[in-house]
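Chemist: One structure, pasted below without further comment.
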Amino acid sequence: NNNGFPVVLFSHGLGGCMEMYTQLCQQVASSGMIVVALEHEDGSGCYAKTESGETIFYKRPDNTPYSREKVVNFRKAFLQQRVKETMQAIEFFLAEKTEQGQVNDSSNDRLFSKVAQAIDQSKGVALFGHSFGGTTMALTTQQESISSKGLINSLTMLDPWAFTLDDDALQKGIPSSTSLSILSESWLDNPENKQILQLHSTTSPKDSLFYMPRSIHSSFSDTATWAPRFATRPLGLRGKKEKRHETIQSCANACINNIINSIESSEEKSVDLAPLVPFPIMAEEEQEELTRSKILAS
């Protein structure tokens, strides 16, 4: 419309970078949205470069035994910086425009300012992320300075790594009015999805949890298309029966529907998200019994 385009902020996963999700982001952008892929400088990505030219590579944890306490403590600083970067991006793109039509910022990048000028600021920002990026976006919605102003219109998470969140964050849940989580089928048996269910169990009634059949954790990124089919499946880059591009296309469409539903003034419409399958939120005992049944069946 004449007000501009909705804006979507995307956060990459652990060991990833913004270039690893070009197909997913392009698919969402093709629906008439401005998608901004963030390049986090916290050391959780495979590579990043600061404005001053400093190169940042992946920072590994020590060799002590793997545990939830270790992960939460080690990743806390990473999440804090990621959330700070996301909040800075939200503030930049929703900054008030001057009388001359230019965005109030210190950047001299005319193209970037021109893109920002095309944003419909009245609709707020949609948050979108994969794995550690999904957790980043969930934690961003909990920030009082963001949630109290109603700046976020929706949240979409793909295989959110909620295992990294402390108990307080899990209990707060997702305050975003419209949120959607999509798990890969390979993550249904992941022992760490207990925290995903805990995050969802305390959130708003509009929250939705689905999974994508035949998919694996890397199906949401470009890695599934880096090589021919005969190579990607043995390398674990694509599910055994997963069709090329089906996961990215389905999840992008679900994200688009989630955003549209959140910004429309009319009552929320039920949308067919097939081939996505609803993933029930169960009690801990029920979830453990389901996992045991799947292990026995396999």
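The chains in the structure tokens are called A, B, ... from first to last as shown; in each chain the residues are counted from 1, and the ligands are counted from 1 in the order shown.
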Hey, which bits of region 124-212 of chain A sit within 8 Å of region 10-25 of chain A, and for each residue what's the closest pair of atoms and how far apart in Å (one decimal), counting only C-alpha atoms, rows by chain and increasing number, as CSV?

Modeler:
```
residue,atom,partner,partner_atom,distance
A:Leu127,CA,A:Phe10,CA,6.3
A:Phe128,CA,A:Phe10,CA,4.7
A:Gly129,CA,A:Ser11,CA,4.5
A:His130,CA,A:Gly13,CA,5.3
A:Ser131,CA,A:Gly13,CA,5.0
A:Phe132,CA,A:Gly13,CA,4.6
A:Gly133,CA,A:Ser11,CA,4.5
A:Gly134,CA,A:Ser11,CA,6.9
A:Thr136,CA,A:Ser11,CA,7.3
A:Met137,CA,A:Ser11,CA,7.3
```

Chemist: Show which residues sit within 9 Å of Tyr47 (chain A), as a PDB file with N, CA and C atoms, in the first residue's frame. Count only C-alpha atoms, and ignore same-chain residues fewer than 2 positions away.

Modeler:
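Saved as around_33.pdb:
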```
ATOM      1  N   GLY A  15      26.767 -21.082  14.276  1.00  0.00           N
ATOM      2  CA  GLY A  15      27.697 -21.515  13.247  1.00  0.00           C
ATOM      3  C   GLY A  15      27.304 -21.091  11.847  1.00  0.00           C
ATOM      4  N   GLY A  16      26.244 -20.292  11.741  1.00  0.00           N
ATOM      5  CA  GLY A  16      25.770 -19.849  10.434  1.00  0.00           C
ATOM      6  C   GLY A  16      26.142 -18.405  10.156  1.00  0.00           C
ATOM      7  N   CYS A  17      25.522 -17.842   9.145  1.00  0.00           N
ATOM      8  CA  CYS A  17      25.702 -16.439   8.793  1.00  0.00           C
ATOM      9  C   CYS A  17      24.516 -16.021   7.937  1.00  0.00           C
ATOM     10  N   GLU A  39      23.637  -9.937  10.594  1.00  0.00           N
ATOM     11  CA  GLU A  39      24.926 -10.626  10.715  1.00  0.00           C
ATOM     12  C   GLU A  39      25.416 -10.396  12.141  1.00  0.00           C
ATOM     13  N   HIS A  40      25.181 -11.364  13.011  1.00  0.00           N
ATOM     14  CA  HIS A  40      25.512 -11.188  14.424  1.00  0.00           C
ATOM     15  C   HIS A  40      27.020 -11.202  14.640  1.00  0.00           C
ATOM     16  N   GLU A  41      27.471 -10.337  15.546  1.00  0.00           N
ATOM     17  CA  GLU A  41      28.900 -10.174  15.812  1.00  0.00           C
ATOM     18  C   GLU A  41      29.274 -10.684  17.196  1.00  0.00           C
ATOM     19  N   GLY A  43      30.131 -13.850  17.911  1.00  0.00           N
ATOM     20  CA  GLY A  43      31.045 -14.987  17.874  1.00  0.00           C
ATOM     21  C   GLY A  43      30.337 -16.324  17.784  1.00  0.00           C
ATOM     22  N   SER A  44      29.019 -16.312  17.594  1.00  0.00           N
ATOM     23  CA  SER A  44      28.273 -17.560  17.436  1.00  0.00           C
ATOM     24  C   SER A  44      28.130 -17.949  15.976  1.00  0.00           C
ATOM     25  N   GLY A  45      28.488 -17.051  15.068  1.00  0.00           N
ATOM     26  CA  GLY A  45      28.407 -17.333  13.643  1.00  0.00           C
ATOM     27  C   GLY A  45      29.739 -17.837  13.107  1.00  0.00           C
ATOM     28  N   LYS A  49      32.054  -9.527  10.179  1.00  0.00           N
ATOM     29  CA  LYS A  49      33.015  -8.434  10.069  1.00  0.00           C
ATOM     30  C   LYS A  49      32.353  -7.160  10.556  1.00  0.00           C
ATOM     31  N   THR A  55      37.539  -8.783  12.064  1.00  0.00           N
ATOM     32  CA  THR A  55      36.988 -10.082  11.685  1.00  0.00           C
ATOM     33  C   THR A  55      36.662 -10.896  12.934  1.00  0.00           C
ATOM     34  N   ILE A  56      35.473 -11.476  12.968  1.00  0.00           N
ATOM     35  CA  ILE A  56      35.028 -12.265  14.111  1.00  0.00           C
ATOM     36  C   ILE A  56      34.711 -13.677  13.645  1.00  0.00           C
ATOM     37  N   PHE A  57      35.387 -14.654  14.232  1.00  0.00           N
ATOM     38  CA  PHE A  57      35.141 -16.048  13.890  1.00  0.00           C
ATOM     39  C   PHE A  57      34.390 -16.746  15.022  1.00  0.00           C
ATOM     40  N   TYR A  58      33.994 -17.970  14.770  1.00  0.00           N
ATOM     41  CA  TYR A  58      33.221 -18.752  15.733  1.00  0.00           C
ATOM     42  C   TYR A  58      34.007 -19.007  17.020  1.00  0.00           C
TER      43      TYR A  58
END
```

Chemist: Can you work out the spacing between CA of Ser179 (chain A) and CA of Ala29 (chain A) in Å, to one decimal?

Modeler: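 The value is 18.9 Å.
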
Chemist: Give me the residues within 9 Å of Arg244 (chain A) as a PyMOL selection string, counting only C-alpha atoms and dropping any in the same chain fewer than 3 places off.

Modeler: chain A and resi 224-225+229+238+247-248

Chemist: As number ranges by chain, please: the residues near Val35 (chain A) (cut-off 6 Å, only C-alpha atoms, same-chain neighbours under 4 positions excluded).

Modeler: A: 7-9, 29

Chemist: Hey, can you spit out that residue selection with C-alpha atoms as a PDB file, in the first residue's frame?

Modeler:
```
ATOM      1  CA  VAL A   7       9.703  -5.300   7.549  1.00  0.00           C
ATOM      2  CA  VAL A   8      11.023  -8.671   8.727  1.00  0.00           C
ATOM      3  CA  LEU A   9      14.216  -9.161  10.748  1.00  0.00           C
ATOM      4  CA  ALA A  29      10.540 -11.031   0.466  1.00  0.00           C
TER       5      ALA A  29
END
```

Chemist: Just want the 12 Å neighbourhood of Arg75 (chain A), counted on only C-alpha atoms, with same-chain residues fewer than 5 positions away dropped. Output as a CSV table (one decimal) with C-alpha atoms, in the first residue's frame.

Modeler:
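Okay, out36.csv is ready:
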```
chain,number,residue,atom,x,y,z
A,14,LEU,CA,24.7,-21.1,15.6
A,42,ASP,CA,28.8,-12.2,19.0
A,43,GLY,CA,31.0,-15.0,17.9
A,44,SER,CA,28.3,-17.6,17.4
A,59,LYS,CA,34.0,-19.0,19.5
A,60,ARG,CA,34.0,-22.5,20.8
A,61,PRO,CA,33.2,-23.7,24.4
A,68,ARG,CA,22.4,-27.6,30.2
A,69,GLU,CA,24.1,-25.5,32.9
A,70,LYS,CA,27.2,-25.2,30.8
A,80,GLN,CA,22.6,-10.7,25.3
A,81,GLN,CA,24.6,-9.3,22.4
A,82,ARG,CA,22.4,-10.8,19.8
A,132,PHE,CA,19.9,-20.0,18.0
A,135,THR,CA,15.9,-18.2,20.6
A,136,THR,CA,17.4,-14.8,20.0
A,161,TRP,CA,17.3,-23.8,20.4
A,162,ALA,CA,15.4,-23.1,23.7
A,163,PHE,CA,17.9,-25.3,25.6
A,164,THR,CA,20.1,-22.1,25.8
A,165,LEU,CA,17.4,-20.2,27.7
A,166,ASP,CA,17.5,-20.0,31.5
```

Chemist: Considering only C-alpha atoms, can you say which of A:Ile90, A:Ala95, A:Leu139, A:Leu273 comes closest to Leu151 (chain A)?

Modeler: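 Of the candidates, the smallest distance to Leu151 (chain A) is held by A:Ile90.
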
Chemist: Can you work out which one of A:Asn190, A:Ser219, A:Met212, A:Gly124 has the shortest atom-to-atom distance to Ala274 (chain A), counting only C-alpha atoms?

Modeler: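 Smallest separation from Ala274 (chain A) among the options: A:Met212.
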